[in-house]
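Chemist: Provided herewith is a single structure, encoded as structure tokens, for subsequent inquiry.
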Amino acid sequence: MGKLNLEIVTAESPVYSGEVDSVIAPGVVGQFTILPHHAAFMTMLEPGELCVRQSGEELFIAVSGGFLEVKDNEVVVLADTAERADDIDAARAEAAKRRAEERLRHPAAAAELATAEAALRRSLARLKVAEKRRKREKRTI
Ligand code: ATP
């Protein structure tokens with residue numbers, strides 16, 4: 001079936017670069033899978049989990065939004081933020097989740113609802129991906 005080239009970058013740093021078998025990404029209209037030789041397209045991303053499959057291995061990356069473009073067998077992800085499962089500080093994400101939930105319960109202003117909801121969704125995406133790492137660690141013990 002061949003491979004496709006994947007580049008994941010944020011404004012801060014490159015996060016992933018290499019040949020992969022497939023990518024599953026959280027698009028604004030739902031999760032989608034990209035296989036080699038996919039037709040060209042572009043979409044915005046939601047906060048969520050990006051899964052990279054490569055030679056039977058799965059790598060999970062939390063993204064908080066951004067753009068994804070597929071063209072000429074290459075996938076380029078320009079993410080707002082992106083952390084590999086191993087780089088996620090779960091305690092920090094848990095604290096961010098609690099702060100966001102508190103702000104949603106007692107918003108100081110209506111505009112705060114949207115920012116608190118966005119922060120909550122980022123924290124949930126990070127916790128979901130960190131959980132994948134925890135499960136994997138359990139299996140190898
Ligand atoms: P916090 O309130 O904990 O800073 P946040 O959602 O506001 O969370 P962002 O603004 O999305 O954080 O990200 C700021 C930077 O910190 C980015 O580089 C992001 O990759 C990194 N980051 C945020 N949360 C975590 C985490 N739980 N583990 C590892 N890196 C994180």
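Residue names in the structure tokens use chain letters A, B, ... in the order shown, residue numbers from 1 in each chain, and ligand numbers from 1 in the order shown.
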Could you give me, as a ChimeraX atom specification, every polymer residue with an atom at most 8 Å away from an atom of ligand 1, counting only C-alpha atoms and all ligand atoms?
Modeler: /A:12,64,80-83,87-96,119-120,122-123,126-127
Chemist: Leaving out A:Met44 and any residue of its chain fewer than 3 positions from it, which residues lie within 9 Å of it when counting only C-alpha atoms, given as a count of residues only?
Modeler: 9
Chemist: Please return as a ChimeraX atom specification: the residues of stretch 44-120 of chain A that backbone DSSP assigns to strand (DSSP E).
Modeler: /A:44-45,48-54,57-63,66-71,74-79,82-84
Chemist: Please identify all polymer residues within 8 Å of stretch 1-9 of chain A, counting only C-alpha atoms, omitting same-chain residues fewer than 2 positions from it, and present them as a list in words.
Modeler: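 Neighbouring residues, sequence-local ones excluded: Ala11, Glu12, Ser13, Pro14, Val15, Tyr16, Ser17, Gly18, Glu19, Val20, Asp21, Ser22, Leu35, Pro36, His37, Asn73, Glu74, Val75, Val76, Val77, Leu78, Ala79 and Ala82 of chain A.
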Chemist: Looking only at alpha helix (DSSP H) from DSSP on the backbone, list the matching residues of chain A as a compact mmCIF listing (two decimals) with C-alpha atoms, in the first residue's frame.
Modeler:
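To be explicit, this is the file written out as out.txt:
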```
# COMPACT_ATOMS: atom_id res chain seq x y z
CA ALA A 90 -1.00 14.53 33.31
CA ALA A 91 -1.07 16.36 36.66
CA ARG A 92 -0.81 19.70 34.83
CA ALA A 93 -3.64 18.71 32.47
CA GLU A 94 -5.74 17.58 35.44
CA ALA A 95 -5.16 20.94 37.16
CA ALA A 96 -6.05 22.80 33.93
CA LYS A 97 -9.23 20.72 33.68
CA ARG A 98 -10.27 21.57 37.24
CA ARG A 99 -9.57 25.31 36.69
CA ALA A 100 -11.60 25.29 33.48
CA GLU A 101 -14.50 23.47 35.14
CA GLU A 102 -14.47 25.99 37.99
CA ARG A 103 -14.50 28.90 35.51
CA LEU A 104 -17.41 27.28 33.67
CA ARG A 105 -19.34 27.01 36.94
CA ALA A 110 -19.92 35.62 29.18
CA ALA A 111 -16.75 35.78 27.07
CA GLU A 112 -15.02 33.65 29.67
CA LEU A 113 -17.31 30.72 28.88
CA ALA A 114 -15.73 30.21 25.46
CA THR A 115 -12.15 30.39 26.73
CA ALA A 116 -12.93 28.10 29.66
CA GLU A 117 -14.62 25.61 27.35
CA ALA A 118 -11.61 25.67 25.00
CA ALA A 119 -9.24 25.14 27.96
CA LEU A 120 -11.41 22.24 29.15
CA ARG A 121 -11.30 20.60 25.73
CA ARG A 122 -7.50 20.96 25.54
CA SER A 123 -7.10 19.41 28.98
CA LEU A 124 -9.45 16.52 28.13
CA ALA A 125 -7.51 15.79 24.92
CA ARG A 126 -4.24 15.71 26.91
CA LEU A 127 -5.70 13.45 29.58
CA LYS A 128 -7.08 11.07 26.95
CA VAL A 129 -3.67 10.77 25.28
CA ALA A 130 -1.83 10.50 28.63
CA GLU A 131 -4.21 7.65 29.51
CA LYS A 132 -3.03 5.76 26.41
CA ARG A 133 0.51 5.97 27.73
CA ARG A 134 -0.59 4.71 31.16
CA LYS A 135 -2.37 1.71 29.61
CA ARG A 136 0.66 0.92 27.47
CA GLU A 137 2.94 1.06 30.54
CA LYS A 138 0.62 -1.33 32.40
CA ARG A 139 0.74 -3.83 29.54
CA THR A 140 4.53 -3.90 29.52
```
Chemist: Applying 8 Å and only C-alpha atoms, which residues near A:Cys51 remain after dropping the ones on its own chain fewer than 6 positions away? List them as a PDB file with C-alpha atoms, in the first residue's frame.
Modeler:
```pdb
ATOM      1  CA  VAL A  23      -2.887   8.973  10.361  1.00  0.00           C
ATOM      2  CA  ILE A  24      -6.147   9.290  12.304  1.00  0.00           C
ATOM      3  CA  ALA A  25      -6.939  12.916  13.108  1.00  0.00           C
ATOM      4  CA  GLU A  58       0.842   3.464  17.314  1.00  0.00           C
ATOM      5  CA  LEU A  59       1.996   6.881  18.449  1.00  0.00           C
ATOM      6  CA  PHE A  60      -0.545   9.133  20.150  1.00  0.00           C
ATOM      7  CA  ILE A  61      -0.289  12.915  20.055  1.00  0.00           C
TER       8      ILE A  61
END
```
